[in-house]
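Participant: The file below is model15.pdb, PDB, C-alpha atoms:
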ATOM      1  CA  MET A  19     111.669 114.652  84.562
ATOM      2  CA  PHE A  20     112.226 113.360  88.051
ATOM      3  CA  ILE A  21     110.190 114.453  91.029
ATOM      4  CA  ILE A  22     111.426 113.834  94.523
ATOM      5  CA  ARG A  23     108.361 114.418  96.657
ATOM      6  CA  SER A  24     105.230 114.120  94.690
ATOM      7  CA  MET A  25     102.784 111.855  96.499
ATOM      8  CA  LYS A  26     100.417 114.790  96.637
ATOM      9  CA  LEU A  27      96.812 115.149  95.702
ATOM     10  CA  SER A  28      95.742 118.283  93.902
ATOM     11  CA  ASP A  29      94.076 121.122  95.768
ATOM     12  CA  GLY A  30      91.203 120.582  93.362
ATOM     13  CA  ILE A  31      90.223 117.481  95.289
ATOM     14  CA  GLU A  32      89.669 119.397  98.496
ATOM     15  CA  TRP A  33      87.634 121.985  96.629
ATOM     16  CA  GLY A  34      85.685 119.411  94.656
ATOM     17  CA  ILE A  35      84.667 117.525  97.785
ATOM     18  CA  HIS A  36      83.653 120.718  99.591
ATOM     19  CA  VAL A  37      81.594 121.914  96.631
ATOM     20  CA  THR A  38      79.889 118.544  96.243
ATOM     21  CA  THR A  39      79.071 118.461  99.957
ATOM     22  CA  LEU A  40      77.603 121.972  99.801
ATOM     23  CA  LEU A  41      75.446 121.117  96.781
ATOM     24  CA  ALA A  42      74.188 118.041  98.657
ATOM     25  CA  VAL A  43      72.297 120.258 101.109
ATOM     26  CA  LEU A  44      70.510 122.408  98.531
ATOM     27  CA  PRO A  45      66.751 121.994  98.341
ATOM     28  CA  PRO A  46      65.413 119.953  95.400
ATOM     29  CA  GLU A  47      65.823 121.819  92.093
ATOM     30  CA  GLY A  48      68.156 124.323  93.735
ATOM     31  CA  ALA A  49      71.344 125.196  91.846
ATOM     32  CA  LEU A  50      74.283 127.524  92.496
ATOM     33  CA  PRO A  51      76.368 129.273  89.839
ATOM     34  CA  ALA A  52      80.133 128.769  89.775
ATOM     35  CA  ALA A  53      80.735 132.306  91.054
ATOM     36  CA  ARG A  54      78.624 131.640  94.161
ATOM     37  CA  LEU A  55      80.352 128.337  94.831
ATOM     38  CA  ALA A  56      83.716 130.084  94.567
ATOM     39  CA  GLU A  57      82.517 132.840  96.882
ATOM     40  CA  PHE A  58      81.318 130.370  99.500
ATOM     41  CA  HIS A  59      84.668 128.584  99.538
ATOM     42  CA  GLY A  60      86.828 131.668  99.191
ATOM     43  CA  VAL A  61      88.601 130.295  96.123
ATOM     44  CA  PRO A  62      89.349 131.814  92.686
ATOM     45  CA  ALA A  63      86.308 131.358  90.440
ATOM     46  CA  ALA A  64      88.421 130.766  87.327
ATOM     47  CA  TYR A  65      90.237 127.898  88.968
ATOM     48  CA  LEU A  66      87.151 126.317  90.469
ATOM     49  CA  ALA A  67      85.471 126.435  87.037
ATOM     50  CA  LYS A  68      87.643 123.750  85.548
ATOM     51  CA  HIS A  69      87.033 121.417  88.459
ATOM     52  CA  LEU A  70      83.296 121.988  88.161
ATOM     53  CA  GLN A  71      83.565 121.024  84.509
ATOM     54  CA  ALA A  72      85.491 117.875  85.428
ATOM     55  CA  LEU A  73      82.805 116.957  87.972
ATOM     56  CA  SER A  74      80.125 117.536  85.329
ATOM     57  CA  ARG A  75      81.926 115.389  82.782
ATOM     58  CA  ALA A  76      82.078 112.616  85.387
ATOM     59  CA  GLY A  77      78.301 112.770  85.890
ATOM     60  CA  ILE A  78      78.580 114.035  89.466
ATOM     61  CA  LEU A  79      77.278 117.551  88.827
ATOM     62  CA  ALA A  80      74.652 118.767  86.392
ATOM     63  CA  SER A  81      74.796 122.218  84.853
ATOM     64  CA  ILE A  82      71.416 123.929  84.724
ATOM     65  CA  HIS A  83      70.839 126.845  82.355
ATOM     66  CA  GLY A  84      68.549 129.803  82.936
ATOM     67  CA  PRO A  85      68.163 132.662  85.413
ATOM     68  CA  ARG A  86      68.192 130.305  88.436
ATOM     69  CA  GLY A  87      70.714 128.048  86.824
ATOM     70  CA  GLY A  88      74.038 126.804  88.035
ATOM     71  CA  TYR A  89      75.344 123.545  89.348
ATOM     72  CA  ARG A  90      73.518 120.898  91.313
ATOM     73  CA  LEU A  91      74.211 117.238  92.021
ATOM     74  CA  ALA A  92      73.426 115.021  89.050
ATOM     75  CA  LYS A  93      72.402 112.155  91.340
ATOM     76  CA  PRO A  94      71.638 111.537  95.016
ATOM     77  CA  ALA A  95      74.460 112.271  97.462
ATOM     78  CA  THR A  96      74.132 108.693  98.725
ATOM     79  CA  GLU A  97      75.282 107.530  95.289
ATOM     80  CA  ILE A  98      78.377 109.726  95.048
ATOM     81  CA  THR A  99      81.459 108.427  96.802
ATOM     82  CA  VAL A 100      84.505 110.446  97.784
ATOM     83  CA  LEU A 101      86.432 108.263  95.334
ATOM     84  CA  ASP A 102      84.111 109.387  92.527
ATOM     85  CA  VAL A 103      85.073 113.000  93.237
ATOM     86  CA  VAL A 104      88.779 112.208  93.590
ATOM     87  CA  GLU A 105      88.853 110.279  90.310
ATOM     88  CA  ALA A 106      86.825 112.921  88.493
ATOM     89  CA  ILE A 107      89.462 115.500  89.374
ATOM     90  CA  ASP A 108      92.744 113.581  89.623
ATOM     91  CA  GLY A 109      91.995 110.656  87.332
ATOM     92  CA  THR A 110      92.017 106.941  87.919
ATOM     93  CA  GLU A 111      95.665 106.306  87.211
ATOM     94  CA  PRO A 112      97.432 104.641  90.165
ATOM     95  CA  ALA A 113      99.944 106.717  92.081
ATOM     96  CA  PHE A 114     102.772 104.357  91.315
ATOM     97  CA  ARG A 115     104.145 104.461  87.802
ATOM     98  CA  CYS A 116     106.108 101.300  87.046
ATOM     99  CA  ASN A 117     108.912 101.920  84.600
ATOM    100  CA  GLU A 118     109.808  98.227  84.421
ATOM    101  CA  ILE A 119     113.345  98.916  85.500
ATOM    102  CA  ARG A 120     113.686  95.190  86.145
ATOM    103  CA  ARG A 121     114.054  94.858  82.370
ATOM    104  CA  ARG A 122     117.008  97.204  82.214
ATOM    105  CA  GLY A 123     120.696  96.758  82.862
ATOM    106  CA  PRO A 124     123.108  93.925  82.158
ATOM    107  CA  THR A 125     120.810  91.099  83.334
ATOM    108  CA  ALA A 126     117.763  92.150  81.310
ATOM    109  CA  GLN A 127     115.988  89.336  79.493
ATOM    110  CA  PRO A 128     113.690  89.355  76.438
ATOM    111  CA  ALA A 129     110.181  90.680  77.145
ATOM    112  CA  ALA A 130     108.727  87.160  77.011
ATOM    113  CA  ALA A 131     110.718  86.324  80.151
ATOM    114  CA  TYR A 132     108.433  88.590  82.222
ATOM    115  CA  PRO A 133     104.967  87.019  82.014
ATOM    116  CA  LEU A 134     103.941  88.354  85.439
ATOM    117  CA  PRO A 135     103.802  91.993  86.543
ATOM    118  CA  CYS A 136     106.809  92.921  88.645
ATOM    119  CA  GLY A 137     106.356  91.907  92.294
ATOM    120  CA  ILE A 138     107.181  95.446  93.379
ATOM    121  CA  HIS A 139     104.545  96.794  91.032
ATOM    122  CA  ARG A 140     101.984  94.376  92.470
ATOM    123  CA  VAL A 141     102.655  95.562  96.024
ATOM    124  CA  MET A 142     102.103  99.173  94.993
ATOM    125  CA  VAL A 143      98.938  98.296  93.065
ATOM    126  CA  SER A 144      97.540  96.496  96.143
ATOM    127  CA  ALA A 145      98.140  99.559  98.299
ATOM    128  CA  ASP A 146      96.503 101.776  95.696
ATOM    129  CA  LEU A 147      93.445  99.502  95.669
ATOM    130  CA  VAL A 148      92.947  99.680  99.449
ATOM    131  CA  TRP A 149      93.348 103.470  99.264
ATOM    132  CA  ARG A 150      90.605 103.669  96.648
ATOM    133  CA  ALA A 151      88.408 101.203  98.558
ATOM    134  CA  SER A 152      88.669 103.418 101.623
ATOM    135  CA  LEU A 153      87.563 106.482  99.662
ATOM    136  CA  ARG A 154      84.814 104.453  98.006
ATOM    137  CA  SER A 155      83.382 103.536 101.411
ATOM    138  CA  VAL A 156      82.374 107.124 102.180
ATOM    139  CA  THR A 157      79.611 108.924 100.298
ATOM    140  CA  VAL A 158      78.943 112.636 100.004
ATOM    141  CA  ALA A 159      75.804 111.977 102.073
ATOM    142  CA  ASP A 160      78.071 110.645 104.840
ATOM    143  CA  LEU A 161      80.102 113.855 104.663
ATOM    144  CA  VAL A 162      76.939 115.939 105.064
ATOM    145  CA  THR A 163      76.109 113.941 108.199
ATOM    146  CA  THR A 164      79.626 114.475 109.548
ATOM    147  CA  VAL A 165      79.496 118.217 108.944
ATOM    148  CA  ALA A 166      76.035 118.438 110.510
ATOM    149  CA  ASN A 167      77.215 116.524 113.591
ATOM    150  CA  ASP A 168      80.602 118.137 114.042
ATOM    151  CA  GLY A 169      80.126 121.579 112.566
ATOM    152  CA  ASP A 170      80.132 124.722 114.630
ATOM    153  CA  PRO A 171      76.477 125.698 115.279
ATOM    154  CA  ALA A 172      77.074 129.346 114.327
ATOM    155  CA  GLY A 173      78.811 128.253 111.146
ATOM    156  CA  LEU A 174      75.971 125.920 110.207
ATOM    157  CA  VAL A 175      73.400 128.681 110.766
ATOM    158  CA  ALA A 176      75.493 131.116 108.744
ATOM    159  CA  GLY A 177      75.843 128.535 105.989
ATOM    160  CA  ALA A 178      72.116 127.847 105.887
ATOM    161  CA  LYS A 179      71.383 131.575 105.694
ATOM    162  CA  TRP A 180      73.966 132.061 102.954
ATOM    163  CA  ILE A 181      72.405 129.250 100.899
ATOM    164  CA  ARG A 182      68.896 130.680 101.361
ATOM    165  CA  ASP A 183      70.051 134.121 100.204
ATOM    166  CA  ALA A 184      72.019 132.672  97.289
ATOM    167  CA  LEU A 185      68.973 130.775  96.037
ATOM    168  CA  ALA A 186      66.565 133.690  96.554
TER     169      ALA A 186
ATOM    170  CA  MET B  16     100.878 126.744  92.460
ATOM    171  CA  PHE B  17      98.079 124.424  91.477
ATOM    172  CA  ILE B  18      98.638 120.944  90.144
ATOM    173  CA  ILE B  19      95.881 119.130  88.350
ATOM    174  CA  ARG B  20      97.087 115.552  88.252
ATOM    175  CA  SER B  21      99.611 114.928  90.914
ATOM    176  CA  MET B  22      98.711 111.760  92.805
ATOM    177  CA  LYS B  23     102.001 110.356  91.632
ATOM    178  CA  LEU B  24     104.821 108.699  93.470
ATOM    179  CA  SER B  25     108.348 109.601  92.486
ATOM    180  CA  ASP B  26     110.366 107.330  90.229
ATOM    181  CA  GLY B  27     112.824 107.202  93.110
ATOM    182  CA  ILE B  28     110.481 104.875  94.953
ATOM    183  CA  GLU B  29     110.621 102.259  92.230
ATOM    184  CA  TRP B  30     114.402 102.524  92.133
ATOM    185  CA  GLY B  31     114.761 102.522  95.907
ATOM    186  CA  ILE B  32     112.703  99.355  96.274
ATOM    187  CA  HIS B  33     114.589  97.591  93.493
ATOM    188  CA  VAL B  34     117.950  98.562  94.988
ATOM    189  CA  THR B  35     116.929  97.442  98.466
ATOM    190  CA  THR B  36     115.673  94.120  97.103
ATOM    191  CA  LEU B  37     118.941  93.554  95.231
ATOM    192  CA  LEU B  38     121.017  94.338  98.319
ATOM    193  CA  ALA B  39     118.901  91.852 100.284
ATOM    194  CA  VAL B  40     120.385  88.957  98.317
ATOM    195  CA  LEU B  41     124.045  89.875  98.775
ATOM    196  CA  PRO B  42     126.113  87.510 100.902
ATOM    197  CA  PRO B  43     126.878  88.696 104.471
ATOM    198  CA  GLU B  44     129.359  91.583 104.490
ATOM    199  CA  GLY B  45     128.887  92.095 100.745
ATOM    200  CA  ALA B  46     128.402  95.668  99.553
ATOM    201  CA  LEU B  47     127.907  97.288  96.152
ATOM    202  CA  PRO B  48     129.016 100.790  95.174
ATOM    203  CA  ALA B  49     126.477 103.269  93.838
ATOM    204  CA  ALA B  50     127.879 102.999  90.310
ATOM    205  CA  ARG B  51     127.307  99.229  90.286
ATOM    206  CA  LEU B  52     123.772  99.590  91.628
ATOM    207  CA  ALA B  53     123.053 102.134  88.899
ATOM    208  CA  GLU B  54     124.545  99.839  86.280
ATOM    209  CA  PHE B  55     122.434  96.878  87.415
ATOM    210  CA  HIS B  56     119.245  98.907  87.192
ATOM    211  CA  GLY B  57     120.158 100.835  84.061
ATOM    212  CA  VAL B  58     119.567 104.201  85.737
ATOM    213  CA  PRO B  59     121.686 107.385  85.924
ATOM    214  CA  ALA B  60     124.199 107.037  88.748
ATOM    215  CA  ALA B  61     123.957 110.703  89.720
ATOM    216  CA  TYR B  62     120.235 110.448  90.233
ATOM    217  CA  LEU B  63     120.347 107.171  92.104
ATOM    218  CA  ALA B  64     122.994 108.636  94.458
ATOM    219  CA  LYS B  65     120.593 110.979  96.177
ATOM    220  CA  HIS B  66     118.094 108.200  96.794
ATOM    221  CA  LEU B  67     120.836 106.011  98.225
ATOM    222  CA  GLN B  68     121.689 108.848 100.581
ATOM    223  CA  ALA B  69     118.042 109.177 101.612
ATOM    224  CA  LEU B  70     117.881 105.435 102.297
ATOM    225  CA  SER B  71     121.060 105.699 104.379
ATOM    226  CA  ARG B  72     119.720 108.620 106.386
ATOM    227  CA  ALA B  73     116.619 106.543 107.115
ATOM    228  CA  GLY B  74     118.746 103.692 108.496
ATOM    229  CA  ILE B  75     117.787 101.306 105.692
ATOM    230  CA  LEU B  76     121.186 101.216 103.977
ATOM    231  CA  ALA B  77     124.669 101.402 105.456
ATOM    232  CA  SER B  78     127.560 102.920 103.557
ATOM    233  CA  ILE B  79     130.761 100.918 103.898
ATOM    234  CA  HIS B  80     134.105 102.548 103.153
ATOM    235  CA  GLY B  81     137.168 100.838 101.727
ATOM    236  CA  PRO B  82     138.150  98.975  98.577
ATOM    237  CA  ARG B  83     135.236  96.529  98.844
ATOM    238  CA  GLY B  84     132.946  99.214 100.149
ATOM    239  CA  GLY B  85     129.606 100.392  98.961
ATOM    240  CA  TYR B  86     126.055 100.024 100.153
ATOM    241  CA  ARG B  87     124.506  97.151 102.022
ATOM    242  CA  LEU B  88     121.355  96.777 104.082
ATOM    243  CA  ALA B  89     121.710  98.306 107.525
ATOM    244  CA  LYS B  90     119.388  95.699 109.026
ATOM    245  CA  PRO B  91     117.788  92.373 108.043
ATOM    246  CA  ALA B  92     115.461  92.472 105.029
ATOM    247  CA  THR B  93     112.734  91.005 107.246
ATOM    248  CA  GLU B  94     112.839  94.237 109.238
ATOM    249  CA  ILE B  95     112.548  96.640 106.304
ATOM    250  CA  THR B  96     109.036  97.240 104.991
ATOM    251  CA  VAL B  97     108.110  98.676 101.623
ATOM    252  CA  LEU B  98     106.640 101.599 103.552
ATOM    253  CA  ASP B  99     110.047 102.271 105.130
ATOM    254  CA  VAL B 100     111.540 102.668 101.654
ATOM    255  CA  VAL B 101     108.633 104.772 100.374
ATOM    256  CA  GLU B 102     108.807 107.122 103.353
ATOM    257  CA  ALA B 103     112.600 107.363 103.192
ATOM    258  CA  ILE B 104     112.319 108.650  99.632
ATOM    259  CA  ASP B 105     108.987 110.453  99.440
ATOM    260  CA  GLY B 106     108.560 111.444 103.070
ATOM    261  CA  THR B 107     105.803 110.716 105.555
ATOM    262  CA  GLU B 108     103.545 113.596 104.685
ATOM    263  CA  PRO B 109     100.049 112.409 103.693
ATOM    264  CA  ALA B 110      99.065 112.780 100.043
ATOM    265  CA  PHE B 111      96.158 115.042 100.899
ATOM    266  CA  ARG B 112      97.029 118.570 101.889
ATOM    267  CA  CYS B 113      94.129 120.196 103.750
ATOM    268  CA  ASN B 114      93.994 123.925 103.188
ATOM    269  CA  GLU B 115      91.133 124.362 105.644
ATOM    270  CA  ILE B 116      88.962 125.947 103.009
ATOM    271  CA  ARG B 117      86.008 125.401 105.349
ATOM    272  CA  ARG B 118      87.327 128.426 107.238
ATOM    273  CA  ARG B 119      87.150 130.688 104.219
ATOM    274  CA  GLY B 120      84.374 132.597 102.585
ATOM    275  CA  PRO B 121      81.389 134.474 103.960
ATOM    276  CA  THR B 122      80.373 131.862 106.541
ATOM    277  CA  ALA B 123      83.823 131.451 108.098
ATOM    278  CA  GLN B 124      83.878 131.408 111.884
ATOM    279  CA  PRO B 125      86.658 132.163 114.367
ATOM    280  CA  ALA B 126      89.297 129.428 114.632
ATOM    281  CA  ALA B 127      87.922 128.272 118.000
ATOM    282  CA  ALA B 128      84.741 127.195 116.221
ATOM    283  CA  TYR B 129      86.633 124.324 114.570
ATOM    284  CA  PRO B 130      87.748 122.056 117.420
ATOM    285  CA  LEU B 131      87.678 118.935 115.225
ATOM    286  CA  PRO B 132      89.619 118.318 112.040
ATOM    287  CA  CYS B 133      87.460 118.817 108.968
ATOM    288  CA  GLY B 134      85.385 115.715 108.170
ATOM    289  CA  ILE B 135      86.713 115.731 104.621
ATOM    290  CA  HIS B 136      90.260 115.857 105.931
ATOM    291  CA  ARG B 137      89.520 112.879 108.207
ATOM    292  CA  VAL B 138      88.290 110.756 105.293
ATOM    293  CA  MET B 139      91.455 111.469 103.336
ATOM    294  CA  VAL B 140      93.644 110.737 106.367
ATOM    295  CA  SER B 141      91.895 107.381 106.879
ATOM    296  CA  ALA B 142      92.557 106.414 103.267
ATOM    297  CA  ASP B 143      96.185 107.462 103.617
ATOM    298  CA  LEU B 144      96.518 105.281 106.731
ATOM    299  CA  VAL B 145      95.214 102.143 105.005
ATOM    300  CA  TRP B 146      97.546 102.840 102.073
ATOM    301  CA  ARG B 147     100.509 103.003 104.438
ATOM    302  CA  ALA B 148      99.329  99.926 106.367
ATOM    303  CA  SER B 149      99.229  97.980 103.118
ATOM    304  CA  LEU B 150     102.811  98.977 102.275
ATOM    305  CA  ARG B 151     103.870  98.227 105.857
ATOM    306  CA  SER B 152     102.566  94.663 105.555
ATOM    307  CA  VAL B 153     105.192  93.713 102.961
ATOM    308  CA  THR B 154     108.893  93.445 103.784
ATOM    309  CA  VAL B 155     111.881  93.535 101.474
ATOM    310  CA  ALA B 156     112.381  89.869 102.406
ATOM    311  CA  ASP B 157     108.887  89.180 101.022
ATOM    312  CA  LEU B 158     109.882  90.893  97.783
ATOM    313  CA  VAL B 159     112.958  88.696  97.496
ATOM    314  CA  THR B 160     110.728  85.637  97.854
ATOM    315  CA  THR B 161     108.373  86.978  95.189
ATOM    316  CA  VAL B 162     111.186  87.644  92.749
ATOM    317  CA  ALA B 163     112.692  84.208  93.416
ATOM    318  CA  ASN B 164     109.333  82.522  92.820
ATOM    319  CA  ASP B 165     108.177  84.554  89.836
ATOM    320  CA  GLY B 166     111.416  85.625  88.215
ATOM    321  CA  ASP B 167     112.561  84.313  84.871
ATOM    322  CA  PRO B 168     115.105  81.504  85.519
ATOM    323  CA  ALA B 169     117.588  82.889  82.992
ATOM    324  CA  GLY B 170     117.259  86.340  84.549
ATOM    325  CA  LEU B 171     117.849  84.972  88.043
ATOM    326  CA  VAL B 172     120.944  83.100  86.903
ATOM    327  CA  ALA B 173     122.239  86.180  85.092
ATOM    328  CA  GLY B 174     121.547  88.282  88.194
ATOM    329  CA  ALA B 175     123.384  85.847  90.466
ATOM    330  CA  LYS B 176     126.363  85.817  88.114
ATOM    331  CA  TRP B 177     126.389  89.603  87.876
ATOM    332  CA  ILE B 178     126.391  89.884  91.680
ATOM    333  CA  ARG B 179     129.206  87.361  92.024
ATOM    334  CA  ASP B 180     131.325  89.246  89.485
ATOM    335  CA  ALA B 181     130.527  92.609  91.054
ATOM    336  CA  LEU B 182     131.647  91.403  94.483
ATOM    337  CA  ALA B 183     134.768  89.670  93.183
TER     338      ALA B 183
END
Could I get this file's structure written as structure tokens?

Facilitator:
Amino acid sequence: MFIIRSMKLSDGIEWGIHVTTLLAVLPPEGALPAARLAEFHGVPAAYLAKHLQALSRAGILASIHGPRGGYRLAKPATEITVLDVVEAIDGTEPAFRCNEIRRRGPTAQPAAAYPLPCGIHRVMVSADLVWRASLRSVTVADLVTTVANDGDPAGLVAGAKWIRDALA
Amino acid sequence: MFIIRSMKLSDGIEWGIHVTTLLAVLPPEGALPAARLAEFHGVPAAYLAKHLQALSRAGILASIHGPRGGYRLAKPATEITVLDVVEAIDGTEPAFRCNEIRRRGPTAQPAAAYPLPCGIHRVMVSADLVWRASLRSVTVADLVTTVANDGDPAGLVAGAKWIRDALA
């Protein structure tokens, strides 16, 4: 299968980062069920569920059982990077898939003739590494600070009230 | 439509970079038809054709008519970056598509309440910019140097002979 324009990240990443940022402002021991998280973000609960499971498997979220159960962060927001969320949802595989086409065609040589990765592959891997480093340099705690600084005051008040009601 | 793992670049990028690198070592005025380029890379000619057209539209390749016609670089290899090829084939749209989910749900505010781009969006845009900067820092001429330095001697000789025969 060939795909012409596919350098796209899944929508799940946007949702995963928003959810993680919201959970970062809950009071200690607070947790929100999947349905509430979906409601807050205006997204389908069934779809969000699988991303919440992926974030749990990656050790970013913890799932708490019981009447006040739900999801909360599994570790401090200062220790969760944006890259952690991206990789939990989209995986760690680099964007560029090298098919080793240098080994095809009439001038192809035996495999032993290619001890080094293809130079083109190396360029793409380097770019992928700086992309990941950039996402690794920002934590979910940083995102909370950004939202607090930039957010619309009425929206922040409404959000705080919504969280208080949801936890009540 | 939701896509779970989609941070993938198209195969066309790998082919486009290989083709551009091959054309960079042709003698002045040399050109290779699409069928020959496909043969060299062991890829379907029909599929390669549309990428060659995209590279031409982007001003990276020139299409020469006539009996010795075909494709050649439209400008010096030192002036074509890997990013130019990537964007010619996959477009310039960032990988992250922001759906502004911050404006959804029960705490959504009027549009005027969001004068700044979402902080999450900004983090993803920054990462996209460093990814593109990394690809912009390498030219097709650099790739030729890499292949010449790292390539298998027998493969390089076979490649040179193939080019000579193809241009004859």

Participant: As a check of understanding, name the residues that the ChimeraX specification (/A :<7) & /B selects in the supplied structure, as an mmCIF file with C-alpha atoms, in the frame of the given file.

Facilitator:
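And here's expr-v1.cif as it stands now:
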data_model
loop_
_atom_site.group_PDB
_atom_site.id
_atom_site.type_symbol
_atom_site.label_atom_id
_atom_site.label_comp_id
_atom_site.auth_asym_id
_atom_site.auth_seq_id
_atom_site.Cartn_x
_atom_site.Cartn_y
_atom_site.Cartn_z
ATOM 1 C CA PHE B 17 98.079 124.424 91.477
ATOM 2 C CA ILE B 18 98.638 120.944 90.144
ATOM 3 C CA ILE B 19 95.881 119.130 88.350
ATOM 4 C CA ARG B 20 97.087 115.552 88.252
ATOM 5 C CA SER B 21 99.611 114.928 90.914
ATOM 6 C CA MET B 22 98.711 111.760 92.805
ATOM 7 C CA LYS B 23 102.001 110.356 91.632
ATOM 8 C CA LEU B 24 104.821 108.699 93.470
ATOM 9 C CA SER B 25 108.348 109.601 92.486
ATOM 10 C CA ASP B 26 110.366 107.330 90.229
ATOM 11 C CA GLY B 27 112.824 107.202 93.110
ATOM 12 C CA GLU B 29 110.621 102.259 92.230
ATOM 13 C CA GLU B 54 124.545 99.839 86.280
ATOM 14 C CA PHE B 55 122.434 96.878 87.415
ATOM 15 C CA HIS B 56 119.245 98.907 87.192
ATOM 16 C CA GLY B 57 120.158 100.835 84.061
ATOM 17 C CA ASP B 105 108.987 110.453 99.440
ATOM 18 C CA ALA B 110 99.065 112.780 100.043
ATOM 19 C CA PHE B 111 96.158 115.042 100.899
ATOM 20 C CA CYS B 113 94.129 120.196 103.750
ATOM 21 C CA ILE B 116 88.962 125.947 103.009
ATOM 22 C CA ARG B 117 86.008 125.401 105.349
ATOM 23 C CA ARG B 119 87.150 130.688 104.219
ATOM 24 C CA GLY B 120 84.374 132.597 102.585
ATOM 25 C CA PRO B 121 81.389 134.474 103.960
ATOM 26 C CA THR B 122 80.373 131.862 106.541
ATOM 27 C CA ALA B 123 83.823 131.451 108.098
ATOM 28 C CA GLN B 124 83.878 131.408 111.884
ATOM 29 C CA ALA B 128 84.741 127.195 116.221
ATOM 30 C CA TYR B 129 86.633 124.324 114.570
ATOM 31 C CA GLY B 134 85.385 115.715 108.170
ATOM 32 C CA ILE B 135 86.713 115.731 104.621
ATOM 33 C CA ALA B 142 92.557 106.414 103.267
ATOM 34 C CA ASP B 143 96.185 107.462 103.617
ATOM 35 C CA VAL B 145 95.214 102.143 105.005
ATOM 36 C CA TRP B 146 97.546 102.840 102.073
ATOM 37 C CA SER B 149 99.229 97.980 103.118
ATOM 38 C CA LEU B 150 102.811 98.977 102.275
ATOM 39 C CA LEU B 158 109.882 90.893 97.783
ATOM 40 C CA THR B 161 108.373 86.978 95.189
ATOM 41 C CA VAL B 162 111.186 87.644 92.749
ATOM 42 C CA ASP B 167 112.561 84.313 84.871
ATOM 43 C CA GLY B 170 117.259 86.340 84.549
ATOM 44 C CA ALA B 173 122.239 86.180 85.092
ATOM 45 C CA GLY B 174 121.547 88.282 88.194
#

Participant: Draw an axis-aligned box over all listed atoms of region 134-151 of chain B, pad each side with 6 Å, and write its centre and edge lengths in Å, one decimal, as JSON.

Facilitator:
{"center_x": 94.6, "center_y": 106.9, "center_z": 105.1, "size_x": 30.5, "size_y": 29.9, "size_z": 18.1}

Participant: Record the distance separating CA of Leu88 (chain B) and CA of Ala73 (chain B), expressed in Å with one decimal.

Facilitator: 11.3 Å

Participant: For a test of reading the model, state the distance in Å between CA of Ala129 (chain A) and CA of Pro48 (chain B), rounded to one decimal.

Facilitator: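 Answer for the CA of Ala129 (chain A) to CA of Pro48 (chain B) separation: 28.0 Å.
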
Participant: Might you pull out every residue within 10 Å of region 40-44 of chain B, with all atoms listed in the file counted and same-chain residues fewer than 6 positions away left off, and present them as a PyMOL selection string?

Facilitator: chain B and resi 79+83-84+87-88+92+156+159+175+178-179+182

Participant: To one decimal place, how far is CA of Ala184 (chain A) from CA of Arg137 (chain B) in Å?

Facilitator: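 For CA of Ala184 (chain A) relative to CA of Arg137 (chain B), the distance reads 28.6 Å.
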
Participant: Could you state which residues are captured by the PyMOL selection byres ((chain B and resi 49) around 9) in this file, as a count of residues only?

Facilitator: 14
